[in-house]
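For reference, work_13.pdb (PDB, C-alpha atoms, pLDDT in the B column):
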```pdb
ATOM      1  CA  MET A   4      27.542  -5.709 -25.057  1.00 38.00           C
ATOM      2  CA  THR A   5      26.078  -7.279 -28.143  1.00 46.00           C
ATOM      3  CA  GLU A   6      28.276  -8.778 -30.796  1.00 53.00           C
ATOM      4  CA  ARG A   7      28.512  -6.970 -34.108  1.00 55.00           C
ATOM      5  CA  ALA A   8      29.599  -8.196 -37.520  1.00 55.00           C
ATOM      6  CA  GLY A   9      33.358  -7.908 -37.718  1.00 61.00           C
ATOM      7  CA  ASP A  10      33.965  -8.118 -33.952  1.00 79.00           C
ATOM      8  CA  ILE A  11      36.937 -10.276 -32.982  1.00 81.00           C
ATOM      9  CA  LEU A  12      35.602 -12.755 -30.445  1.00 83.00           C
ATOM     10  CA  ALA A  13      38.853 -14.612 -29.818  1.00 86.00           C
ATOM     11  CA  SER A  14      42.319 -15.065 -31.285  1.00 86.00           C
ATOM     12  CA  GLY A  15      45.170 -17.484 -30.850  1.00 87.00           C
ATOM     13  CA  GLY A  16      47.855 -19.423 -32.627  1.00 84.00           C
ATOM     14  CA  LEU A  17      50.363 -22.232 -32.553  1.00 86.00           C
ATOM     15  CA  SER A  18      53.882 -22.285 -34.000  1.00 83.00           C
ATOM     16  CA  VAL A  19      53.535 -25.447 -36.073  1.00 85.00           C
ATOM     17  CA  ALA A  20      54.059 -25.014 -39.797  1.00 84.00           C
ATOM     18  CA  GLY A  21      55.317 -26.841 -42.863  1.00 87.00           C
ATOM     19  CA  ASN A  22      58.954 -26.756 -41.803  1.00 92.00           C
ATOM     20  CA  LYS A  23      58.143 -28.963 -38.819  1.00 95.00           C
ATOM     21  CA  TYR A  24      56.491 -31.510 -41.088  1.00 96.00           C
ATOM     22  CA  ASP A  25      59.678 -31.466 -43.182  1.00 97.00           C
ATOM     23  CA  SER A  26      61.719 -32.013 -40.027  1.00 97.00           C
ATOM     24  CA  ALA A  27      59.609 -35.047 -39.126  1.00 97.00           C
ATOM     25  CA  THR A  28      60.281 -36.555 -42.552  1.00 97.00           C
ATOM     26  CA  MET A  29      63.983 -35.830 -42.206  1.00 98.00           C
ATOM     27  CA  TRP A  30      64.064 -37.549 -38.811  1.00 97.00           C
ATOM     28  CA  HIS A  31      62.327 -40.724 -39.933  1.00 97.00           C
ATOM     29  CA  LYS A  32      63.495 -41.049 -43.539  1.00 97.00           C
ATOM     30  CA  GLY A  33      66.639 -38.965 -43.817  1.00 97.00           C
ATOM     31  CA  THR A  34      68.696 -39.286 -40.655  1.00 97.00           C
ATOM     32  CA  PRO A  35      69.311 -43.064 -40.967  1.00 96.00           C
ATOM     33  CA  TYR A  36      71.401 -42.189 -44.044  1.00 97.00           C
ATOM     34  CA  PHE A  37      73.601 -40.122 -41.760  1.00 97.00           C
ATOM     35  CA  GLY A  38      74.097 -42.731 -39.063  1.00 96.00           C
ATOM     36  CA  ARG A  39      71.217 -42.259 -36.621  1.00 95.00           C
ATOM     37  CA  LEU A  40      70.696 -46.008 -36.312  1.00 93.00           C
ATOM     38  CA  ALA A  41      74.383 -46.880 -36.229  1.00 93.00           C
ATOM     39  CA  VAL A  42      75.940 -48.587 -33.230  1.00 90.00           C
ATOM     40  CA  LEU A  43      79.309 -47.627 -31.775  1.00 89.00           C
ATOM     41  CA  GLU A  44      81.969 -49.954 -30.451  1.00 83.00           C
ATOM     42  CA  ASP A  45      83.913 -48.184 -27.708  1.00 75.00           C
ATOM     43  CA  GLY A  46      86.079 -50.094 -25.268  1.00 75.00           C
ATOM     44  CA  GLY A  47      84.088 -53.263 -25.803  1.00 75.00           C
ATOM     45  CA  LYS A  48      80.804 -51.506 -25.139  1.00 79.00           C
ATOM     46  CA  ARG A  49      78.071 -51.030 -27.742  1.00 83.00           C
ATOM     47  CA  LEU A  50      76.603 -47.531 -27.680  1.00 79.00           C
ATOM     48  CA  GLU A  51      74.096 -45.603 -29.752  1.00 80.00           C
ATOM     49  CA  VAL A  52      75.071 -42.403 -31.547  1.00 84.00           C
ATOM     50  CA  PRO A  53      73.925 -39.290 -29.608  1.00 82.00           C
ATOM     51  CA  SER A  54      70.542 -38.158 -30.967  1.00 89.00           C
ATOM     52  CA  SER A  55      71.366 -34.464 -30.450  1.00 89.00           C
ATOM     53  CA  LEU A  56      73.350 -34.466 -33.703  1.00 90.00           C
ATOM     54  CA  TYR A  57      70.294 -35.591 -35.622  1.00 95.00           C
ATOM     55  CA  ARG A  58      67.900 -33.177 -33.957  1.00 95.00           C
ATOM     56  CA  GLN A  59      70.099 -30.399 -35.298  1.00 95.00           C
ATOM     57  CA  ILE A  60      70.174 -31.609 -38.907  1.00 97.00           C
ATOM     58  CA  CYS A  61      66.376 -31.844 -38.869  1.00 97.00           C
ATOM     59  CA  GLN A  62      66.398 -28.061 -39.178  1.00 95.00           C
ATOM     60  CA  TRP A  63      68.076 -27.069 -42.423  1.00 94.00           C
ATOM     61  CA  ASP A  64      69.059 -23.624 -41.157  1.00 94.00           C
ATOM     62  CA  GLN A  65      70.918 -25.159 -38.197  1.00 95.00           C
ATOM     63  CA  ILE A  66      73.135 -27.503 -40.214  1.00 96.00           C
ATOM     64  CA  VAL A  67      75.604 -24.756 -41.067  1.00 95.00           C
ATOM     65  CA  PHE A  68      76.445 -24.371 -37.360  1.00 95.00           C
ATOM     66  CA  LEU A  69      77.929 -27.873 -37.363  1.00 96.00           C
ATOM     67  CA  ASN A  70      80.625 -26.707 -39.771  1.00 96.00           C
ATOM     68  CA  ASN A  71      83.270 -26.277 -37.111  1.00 96.00           C
ATOM     69  CA  PRO A  72      86.387 -28.276 -36.135  1.00 96.00           C
ATOM     70  CA  ARG A  73      84.822 -29.740 -32.999  1.00 94.00           C
ATOM     71  CA  SER A  74      81.745 -31.179 -34.749  1.00 94.00           C
ATOM     72  CA  LEU A  75      83.662 -32.432 -37.771  1.00 96.00           C
ATOM     73  CA  ASP A  76      86.260 -34.087 -35.532  1.00 96.00           C
ATOM     74  CA  LEU A  77      83.451 -35.845 -33.653  1.00 93.00           C
ATOM     75  CA  LEU A  78      82.006 -37.150 -36.919  1.00 96.00           C
ATOM     76  CA  TRP A  79      85.464 -38.265 -38.043  1.00 95.00           C
ATOM     77  CA  ARG A  80      85.823 -40.274 -34.812  1.00 93.00           C
ATOM     78  CA  LEU A  81      82.291 -41.684 -35.095  1.00 94.00           C
ATOM     79  CA  GLU A  82      83.113 -42.856 -38.617  1.00 95.00           C
ATOM     80  CA  ARG A  83      85.885 -45.005 -37.161  1.00 93.00           C
ATOM     81  CA  LEU A  84      83.892 -46.340 -34.213  1.00 92.00           C
ATOM     82  CA  ALA A  85      80.497 -47.027 -35.808  1.00 93.00           C
ATOM     83  CA  ASP A  86      79.281 -50.079 -37.702  1.00 93.00           C
ATOM     84  CA  ASP A  87      78.210 -47.832 -40.614  1.00 95.00           C
ATOM     85  CA  PRO A  88      81.220 -45.678 -41.625  1.00 96.00           C
ATOM     86  CA  PRO A  89      79.717 -44.505 -44.974  1.00 97.00           C
ATOM     87  CA  ALA A  90      76.833 -42.874 -43.091  1.00 97.00           C
ATOM     88  CA  PHE A  91      79.222 -40.592 -41.240  1.00 97.00           C
ATOM     89  CA  ARG A  92      81.065 -39.740 -44.426  1.00 97.00           C
ATOM     90  CA  ARG A  93      77.711 -38.653 -45.828  1.00 98.00           C
ATOM     91  CA  PHE A  94      77.120 -36.633 -42.665  1.00 98.00           C
ATOM     92  CA  GLN A  95      80.441 -34.845 -43.096  1.00 98.00           C
ATOM     93  CA  SER A  96      79.644 -34.115 -46.722  1.00 98.00           C
ATOM     94  CA  LEU A  97      76.210 -32.759 -45.793  1.00 98.00           C
ATOM     95  CA  ILE A  98      77.967 -30.188 -43.631  1.00 97.00           C
ATOM     96  CA  LYS A  99      81.120 -29.398 -45.575  1.00 97.00           C
ATOM     97  CA  ASP A 100      79.399 -29.291 -48.975  1.00 97.00           C
ATOM     98  CA  ASN A 101      76.536 -27.188 -47.581  1.00 96.00           C
ATOM     99  CA  GLN A 102      73.826 -29.551 -48.843  1.00 97.00           C
ATOM    100  CA  GLY A 103      71.248 -29.054 -46.097  1.00 97.00           C
ATOM    101  CA  PHE A 104      68.994 -26.628 -47.937  1.00 97.00           C
ATOM    102  CA  ALA A 105      69.109 -28.681 -51.145  1.00 97.00           C
ATOM    103  CA  LEU A 106      68.126 -31.850 -49.258  1.00 98.00           C
ATOM    104  CA  PHE A 107      65.213 -30.115 -47.560  1.00 97.00           C
ATOM    105  CA  GLN A 108      64.009 -28.850 -50.928  1.00 97.00           C
ATOM    106  CA  VAL A 109      63.657 -32.496 -51.962  1.00 97.00           C
ATOM    107  CA  ILE A 110      61.808 -33.313 -48.738  1.00 97.00           C
ATOM    108  CA  GLU A 111      59.455 -30.379 -49.198  1.00 96.00           C
ATOM    109  CA  GLY A 112      58.805 -31.424 -52.797  1.00 96.00           C
ATOM    110  CA  ALA A 113      57.763 -34.886 -51.638  1.00 97.00           C
ATOM    111  CA  LYS A 114      55.460 -33.359 -49.010  1.00 97.00           C
ATOM    112  CA  ILE A 115      53.786 -31.182 -51.643  1.00 95.00           C
ATOM    113  CA  ALA A 116      53.395 -34.159 -53.995  1.00 96.00           C
ATOM    114  CA  LEU A 117      51.589 -36.077 -51.234  1.00 97.00           C
ATOM    115  CA  THR A 118      48.822 -33.478 -51.158  1.00 95.00           C
ATOM    116  CA  SER A 119      47.499 -35.190 -54.287  1.00 95.00           C
ATOM    117  CA  LEU A 120      49.396 -38.502 -54.576  1.00 97.00           C
ATOM    118  CA  ASP A 121      49.670 -41.577 -52.362  1.00 97.00           C
ATOM    119  CA  ALA A 122      53.440 -41.889 -52.818  1.00 98.00           C
ATOM    120  CA  ALA A 123      56.243 -39.570 -53.872  1.00 98.00           C
ATOM    121  CA  PRO A 124      59.940 -40.023 -54.682  1.00 97.00           C
ATOM    122  CA  LEU A 125      62.471 -38.888 -52.126  1.00 96.00           C
ATOM    123  CA  LYS A 126      65.548 -38.786 -54.307  1.00 97.00           C
ATOM    124  CA  PHE A 127      68.716 -36.821 -53.630  1.00 97.00           C
ATOM    125  CA  THR A 128      71.692 -36.999 -55.936  1.00 95.00           C
ATOM    126  CA  HIS A 129      75.058 -35.711 -54.804  1.00 96.00           C
ATOM    127  CA  PRO A 130      78.477 -37.263 -55.444  1.00 95.00           C
ATOM    128  CA  ASN A 131      78.797 -38.176 -51.755  1.00 96.00           C
ATOM    129  CA  ILE A 132      75.127 -38.423 -50.725  1.00 97.00           C
ATOM    130  CA  GLN A 133      72.792 -40.741 -52.604  1.00 96.00           C
ATOM    131  CA  ILE A 134      69.215 -41.150 -51.362  1.00 97.00           C
ATOM    132  CA  ASP A 135      66.631 -43.021 -53.399  1.00 96.00           C
ATOM    133  CA  GLU A 136      63.473 -43.618 -51.366  1.00 95.00           C
ATOM    134  CA  GLN A 137      59.716 -43.587 -51.716  1.00 96.00           C
ATOM    135  CA  LEU A 138      57.705 -41.608 -49.181  1.00 97.00           C
ATOM    136  CA  THR A 139      54.165 -42.911 -48.931  1.00 98.00           C
ATOM    137  CA  LEU A 140      51.183 -40.980 -47.649  1.00 98.00           C
ATOM    138  CA  VAL A 141      50.709 -43.585 -44.918  1.00 97.00           C
ATOM    139  CA  GLU A 142      54.306 -43.072 -43.748  1.00 97.00           C
ATOM    140  CA  PHE A 143      54.026 -39.312 -43.900  1.00 97.00           C
ATOM    141  CA  ASN A 144      50.828 -39.297 -41.866  1.00 97.00           C
ATOM    142  CA  ARG A 145      52.300 -41.664 -39.298  1.00 97.00           C
ATOM    143  CA  ASN A 146      55.553 -39.734 -38.974  1.00 96.00           C
ATOM    144  CA  SER A 147      53.774 -36.396 -38.599  1.00 96.00           C
ATOM    145  CA  ALA A 148      50.808 -37.590 -36.520  1.00 96.00           C
ATOM    146  CA  GLU A 149      52.095 -35.849 -33.392  1.00 96.00           C
ATOM    147  CA  LEU A 150      52.275 -32.511 -35.220  1.00 96.00           C
ATOM    148  CA  THR A 151      48.784 -32.825 -36.653  1.00 95.00           C
ATOM    149  CA  ALA A 152      47.465 -33.812 -33.221  1.00 95.00           C
ATOM    150  CA  SER A 153      49.089 -30.735 -31.672  1.00 95.00           C
ATOM    151  CA  ILE A 154      47.243 -28.487 -34.138  1.00 94.00           C
ATOM    152  CA  THR A 155      43.848 -30.145 -33.764  1.00 94.00           C
ATOM    153  CA  GLY A 156      44.288 -30.431 -30.001  1.00 95.00           C
ATOM    154  CA  TYR A 157      45.033 -26.721 -29.782  1.00 94.00           C
ATOM    155  CA  LEU A 158      41.986 -25.963 -31.931  1.00 93.00           C
ATOM    156  CA  ASP A 159      39.727 -27.955 -29.624  1.00 93.00           C
ATOM    157  CA  ARG A 160      41.176 -26.275 -26.523  1.00 94.00           C
ATOM    158  CA  PHE A 161      40.830 -22.895 -28.201  1.00 92.00           C
ATOM    159  CA  PHE A 162      37.088 -23.339 -28.649  1.00 91.00           C
ATOM    160  CA  THR A 163      36.666 -24.592 -25.104  1.00 92.00           C
ATOM    161  CA  GLY A 164      38.698 -21.766 -23.599  1.00 92.00           C
ATOM    162  CA  SER A 165      36.959 -19.128 -25.709  1.00 89.00           C
ATOM    163  CA  ARG A 166      33.507 -20.505 -24.904  1.00 90.00           C
ATOM    164  CA  LEU A 167      32.736 -20.692 -28.594  1.00 87.00           C
ATOM    165  CA  ASP A 168      30.811 -23.515 -30.213  1.00 89.00           C
ATOM    166  CA  PRO A 169      32.282 -24.882 -33.478  1.00 88.00           C
ATOM    167  CA  ARG A 170      28.718 -25.372 -34.688  1.00 87.00           C
ATOM    168  CA  ASP A 171      28.247 -21.585 -34.691  1.00 87.00           C
ATOM    169  CA  ILE A 172      31.141 -21.044 -37.125  1.00 88.00           C
ATOM    170  CA  GLU A 173      29.768 -20.222 -40.545  1.00 90.00           C
ATOM    171  CA  THR A 174      33.004 -20.281 -42.563  1.00 92.00           C
ATOM    172  CA  VAL A 175      36.452 -21.732 -41.941  1.00 91.00           C
ATOM    173  CA  PHE A 176      39.159 -20.299 -44.170  1.00 90.00           C
ATOM    174  CA  LEU A 177      42.253 -22.466 -44.613  1.00 89.00           C
ATOM    175  CA  THR A 178      45.380 -20.997 -46.114  1.00 84.00           C
ATOM    176  CA  GLY A 179      49.121 -21.563 -46.108  1.00 84.00           C
ATOM    177  CA  GLY A 180      50.808 -24.594 -47.632  1.00 84.00           C
ATOM    178  CA  THR A 181      50.347 -26.642 -44.471  1.00 90.00           C
ATOM    179  CA  SER A 182      46.557 -26.477 -44.926  1.00 89.00           C
ATOM    180  CA  LEU A 183      46.951 -28.739 -47.982  1.00 92.00           C
ATOM    181  CA  ILE A 184      48.287 -31.633 -45.879  1.00 94.00           C
ATOM    182  CA  ARG A 185      45.548 -34.197 -46.229  1.00 95.00           C
ATOM    183  CA  SER A 186      45.475 -35.546 -42.677  1.00 95.00           C
ATOM    184  CA  LEU A 187      45.206 -32.020 -41.291  1.00 94.00           C
ATOM    185  CA  ARG A 188      42.564 -30.986 -43.782  1.00 95.00           C
ATOM    186  CA  ALA A 189      40.541 -34.103 -42.964  1.00 95.00           C
ATOM    187  CA  ALA A 190      40.604 -33.132 -39.288  1.00 94.00           C
ATOM    188  CA  PHE A 191      39.079 -29.740 -40.112  1.00 93.00           C
ATOM    189  CA  VAL A 192      36.440 -31.319 -42.339  1.00 94.00           C
ATOM    190  CA  GLU A 193      35.590 -33.719 -39.511  1.00 93.00           C
ATOM    191  CA  ARG A 194      35.024 -30.801 -37.130  1.00 92.00           C
ATOM    192  CA  PHE A 195      33.308 -28.312 -39.416  1.00 92.00           C
ATOM    193  CA  GLY A 196      32.007 -30.216 -42.417  1.00 92.00           C
ATOM    194  CA  VAL A 197      33.173 -29.768 -45.973  1.00 93.00           C
ATOM    195  CA  ASP A 198      30.527 -27.136 -46.793  1.00 93.00           C
ATOM    196  CA  ARG A 199      31.991 -24.601 -44.357  1.00 92.00           C
ATOM    197  CA  ILE A 200      35.588 -24.992 -45.509  1.00 91.00           C
ATOM    198  CA  ARG A 201      37.005 -22.309 -47.795  1.00 90.00           C
ATOM    199  CA  ASP A 202      40.558 -21.987 -49.054  1.00 84.00           C
ATOM    200  CA  GLY A 203      42.766 -19.989 -51.383  1.00 73.00           C
ATOM    201  CA  GLY A 204      46.125 -18.307 -51.790  1.00 61.00           C
ATOM    202  CA  GLU A 205      47.838 -21.141 -49.935  1.00 63.00           C
ATOM    203  CA  PHE A 206      51.334 -20.115 -51.032  1.00 64.00           C
ATOM    204  CA  THR A 207      50.914 -16.336 -51.214  1.00 67.00           C
ATOM    205  CA  SER A 208      48.434 -15.206 -48.564  1.00 66.00           C
ATOM    206  CA  VAL A 209      50.946 -14.963 -45.711  1.00 69.00           C
ATOM    207  CA  GLY A 210      53.306 -12.826 -47.771  1.00 72.00           C
ATOM    208  CA  ASP A 211      50.403 -10.702 -49.041  1.00 72.00           C
ATOM    209  CA  GLY A 212      49.184 -10.180 -45.493  1.00 74.00           C
ATOM    210  CA  LEU A 213      52.608  -9.107 -44.276  1.00 73.00           C
ATOM    211  CA  ALA A 214      52.914  -6.651 -47.150  1.00 78.00           C
ATOM    212  CA  LEU A 215      49.480  -5.158 -46.487  1.00 77.00           C
ATOM    213  CA  SER A 216      50.123  -4.855 -42.755  1.00 77.00           C
ATOM    214  CA  ALA A 217      53.581  -3.290 -43.135  1.00 78.00           C
ATOM    215  CA  PRO A 218      52.285   0.275 -42.563  1.00 81.00           C
ATOM    216  CA  LEU A 219      50.979  -0.801 -39.154  1.00 75.00           C
ATOM    217  CA  PHE A 220      54.497  -1.654 -38.018  1.00 74.00           C
ATOM    218  CA  LEU A 221      56.522   0.670 -40.251  1.00 76.00           C
ATOM    219  CA  PRO A 222      54.514   3.886 -40.662  1.00 76.00           C
ATOM    220  CA  GLN A 223      57.306   5.442 -42.700  1.00 69.00           C
ATOM    221  CA  VAL A 224      56.600   2.847 -45.407  1.00 60.00           C
TER     222      VAL A 224
END
```
Any chance you could give the structure as structure tokens?
Amino acid sequence: MTERAGDILASGGLSVAGNKYDSATMWHKGTPYFGRLAVLEDGGKRLEVPSSLYRQICQWDQIVFLNNPRSLDLLWRLERLADDPPAFRRFQSLIKDNQGFALFQVIEGAKIALTSLDAAPLKFTHPNIQIDEQLTLVEFNRNSAELTASITGYLDRFFTGSRLDPRDIETVFLTGGTSLIRSLRAAFVERFGVDRIRDGGEFTSVGDGLALSAPLFLPQV
């Protein structure tokens, strides 16, 4: 069978998007403010705080599930055992004052700023949580290198598995906010050349596509 214009030769995808880049920033820059690097003194032994707590607050929509007596009691006890009590008071405030979404808005704003700047403020002002940091492009790229590598690695495997040659691709269309991340964009330019890269509708195309495809899934619409 010969290929025709418009034929779909291969398709695929990977569930890595902007929220995971935000989570990486939260892990490296945010969680130390909430005690991730604190050391506990328990019965004469020095222990590290369990990392599972911090994995959960690296997803803003999961923070609310820590607002329960068991988790708050654990943080109360950690405050008294750790060498950084204020960090655990901030942690409790993050949960009880429902500040997760607001903090991630600041992180996302810094990420967006780094699409055109080499450094961006990471500043959060709350009566019980004060963060005043600079996030540099170098830091951001380093902290998210594993995510970018997972995307580019998948892309390379996709071409190999589909028996397609990147040199035969005439146009590469990049969209979605994540496509503006400079390290990721540079990886696409490296593979396809700047002349074949096209972009547009980075912050609206996904929503537009869902709206246009709604009749396929909801015929009554």
So how many Å separate atom CA of A:Glu173 and atom CA of A:Arg199, to one decimal? 6.2 Å
Measuring atom to atom with only C-alpha atoms, identify which of A:Leu167, A:Ala27, A:Leu215, A:Val42 is nearest to A:Leu84. A:Val42
Output, as AutoDock Vina command-line options, the centre and edge lengths in Å (one decimal) of the axis-aligned box that contains all listed atoms of stretch 178-195 of chain A with 6 Å of margin on each side.
```
--center_x 42.1 --center_y -28.3 --center_z -42.6 --size_x 29.5 --size_y 26.5 --size_z 22.9
```
If you apply the PyMOL selection byres ((chain A and resi 119-123) around 7) to this file, what residues do you get, as an MDAnalysis selection string? chainID A and resid 113 116:118 124:125 137:140
Restricting to all atoms listed in the file, whichever of A:Gly33, A:Gly212, A:Pro218, A:Gly21 is closest to A:Arg58 is A:Gly33
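Between atom CA of A:Leu56 and atom CA of A:Gln102 there is a distance of 15.9 Å.
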Assuming the chain letters and numbering stay as they are in my file, what does the PyMOL selection byres ((chain A and resi 51-54) around 12) actually select? List them as a PyMOL selection string. chain A and resi 30+34-35+37-45+48-50+55-61+77-78+80-82+84-87+90-91
Could you write out as a PyMOL selection string the residues that the PyMOL selection byres ((chain A and resi 177-186) around 12) matches in the shown file? chain A and resi 18-25+111-121+140-152+154-155+174-176+187-193+195+197+199-212
Take the residues from that selection and put them in a file with C-alpha atoms, as a short mmCIF file (atom, residue, chain, number, x, y, z; two decimals), in the coordinates of the input.
```
data_model
loop_
_atom_site.label_atom_id
_atom_site.label_comp_id
_atom_site.auth_asym_id
_atom_site.auth_seq_id
_atom_site.Cartn_x
_atom_site.Cartn_y
_atom_site.Cartn_z
CA SER A 18 53.88 -22.28 -34.00
CA VAL A 19 53.54 -25.45 -36.07
CA ALA A 20 54.06 -25.01 -39.80
CA GLY A 21 55.32 -26.84 -42.86
CA ASN A 22 58.95 -26.76 -41.80
CA LYS A 23 58.14 -28.96 -38.82
CA TYR A 24 56.49 -31.51 -41.09
CA ASP A 25 59.68 -31.47 -43.18
CA GLU A 111 59.46 -30.38 -49.20
CA GLY A 112 58.80 -31.42 -52.80
CA ALA A 113 57.76 -34.89 -51.64
CA LYS A 114 55.46 -33.36 -49.01
CA ILE A 115 53.79 -31.18 -51.64
CA ALA A 116 53.40 -34.16 -54.00
CA LEU A 117 51.59 -36.08 -51.23
CA THR A 118 48.82 -33.48 -51.16
CA SER A 119 47.50 -35.19 -54.29
CA LEU A 120 49.40 -38.50 -54.58
CA ASP A 121 49.67 -41.58 -52.36
CA LEU A 140 51.18 -40.98 -47.65
CA VAL A 141 50.71 -43.58 -44.92
CA GLU A 142 54.31 -43.07 -43.75
CA PHE A 143 54.03 -39.31 -43.90
CA ASN A 144 50.83 -39.30 -41.87
CA ARG A 145 52.30 -41.66 -39.30
CA ASN A 146 55.55 -39.73 -38.97
CA SER A 147 53.77 -36.40 -38.60
CA ALA A 148 50.81 -37.59 -36.52
CA GLU A 149 52.10 -35.85 -33.39
CA LEU A 150 52.28 -32.51 -35.22
CA THR A 151 48.78 -32.83 -36.65
CA ALA A 152 47.46 -33.81 -33.22
CA ILE A 154 47.24 -28.49 -34.14
CA THR A 155 43.85 -30.14 -33.76
CA THR A 174 33.00 -20.28 -42.56
CA VAL A 175 36.45 -21.73 -41.94
CA PHE A 176 39.16 -20.30 -44.17
CA LEU A 187 45.21 -32.02 -41.29
CA ARG A 188 42.56 -30.99 -43.78
CA ALA A 189 40.54 -34.10 -42.96
CA ALA A 190 40.60 -33.13 -39.29
CA PHE A 191 39.08 -29.74 -40.11
CA VAL A 192 36.44 -31.32 -42.34
CA GLU A 193 35.59 -33.72 -39.51
CA PHE A 195 33.31 -28.31 -39.42
CA VAL A 197 33.17 -29.77 -45.97
CA ARG A 199 31.99 -24.60 -44.36
CA ILE A 200 35.59 -24.99 -45.51
CA ARG A 201 37.01 -22.31 -47.80
CA ASP A 202 40.56 -21.99 -49.05
CA GLY A 203 42.77 -19.99 -51.38
CA GLY A 204 46.12 -18.31 -51.79
CA GLU A 205 47.84 -21.14 -49.94
CA PHE A 206 51.33 -20.11 -51.03
CA THR A 207 50.91 -16.34 -51.21
CA SER A 208 48.43 -15.21 -48.56
CA VAL A 209 50.95 -14.96 -45.71
CA GLY A 210 53.31 -12.83 -47.77
CA ASP A 211 50.40 -10.70 -49.04
CA GLY A 212 49.18 -10.18 -45.49
#
```
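One finds atom CA of A:Ser74 at 27.7 Å from atom CA of A:Glu136.
Counting all atoms listed in the file, the residue from A:Trp79, A:Ala214, A:Leu69, A:Gln62 that sits nearest to A:Thr28 is A:Gln62.
With distances restricted to only C-alpha atoms, A:Lys32 is the closest residue to A:Lys126 from A:Pro222, A:Lys32, A:Gly15, A:Asn70.
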For A:Phe127, find every residue with an atom within 9 Å (counting only C-alpha atoms), except residues of its own chain fewer than 2 positions away, and show them as a PyMOL selection string. chain A and resi 105-106+109+125+129+132-136
Counting only C-alpha atoms, write as a PyMOL selection string all protein and nucleic acid residues lying at most 6 Å from (81.0, -33.1, -40.5) in the file's frame. chain A and resi 75+78+94-95+98
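Residues surrounding A:Gly164 within 12 Å are Leu12, Ala13, Ser14, Gly15, Tyr157, Leu158, Asp159, Arg160, Phe161, Leu167 and Asp168 of chain A [only C-alpha atoms; sequence separation below 3 positions excluded].
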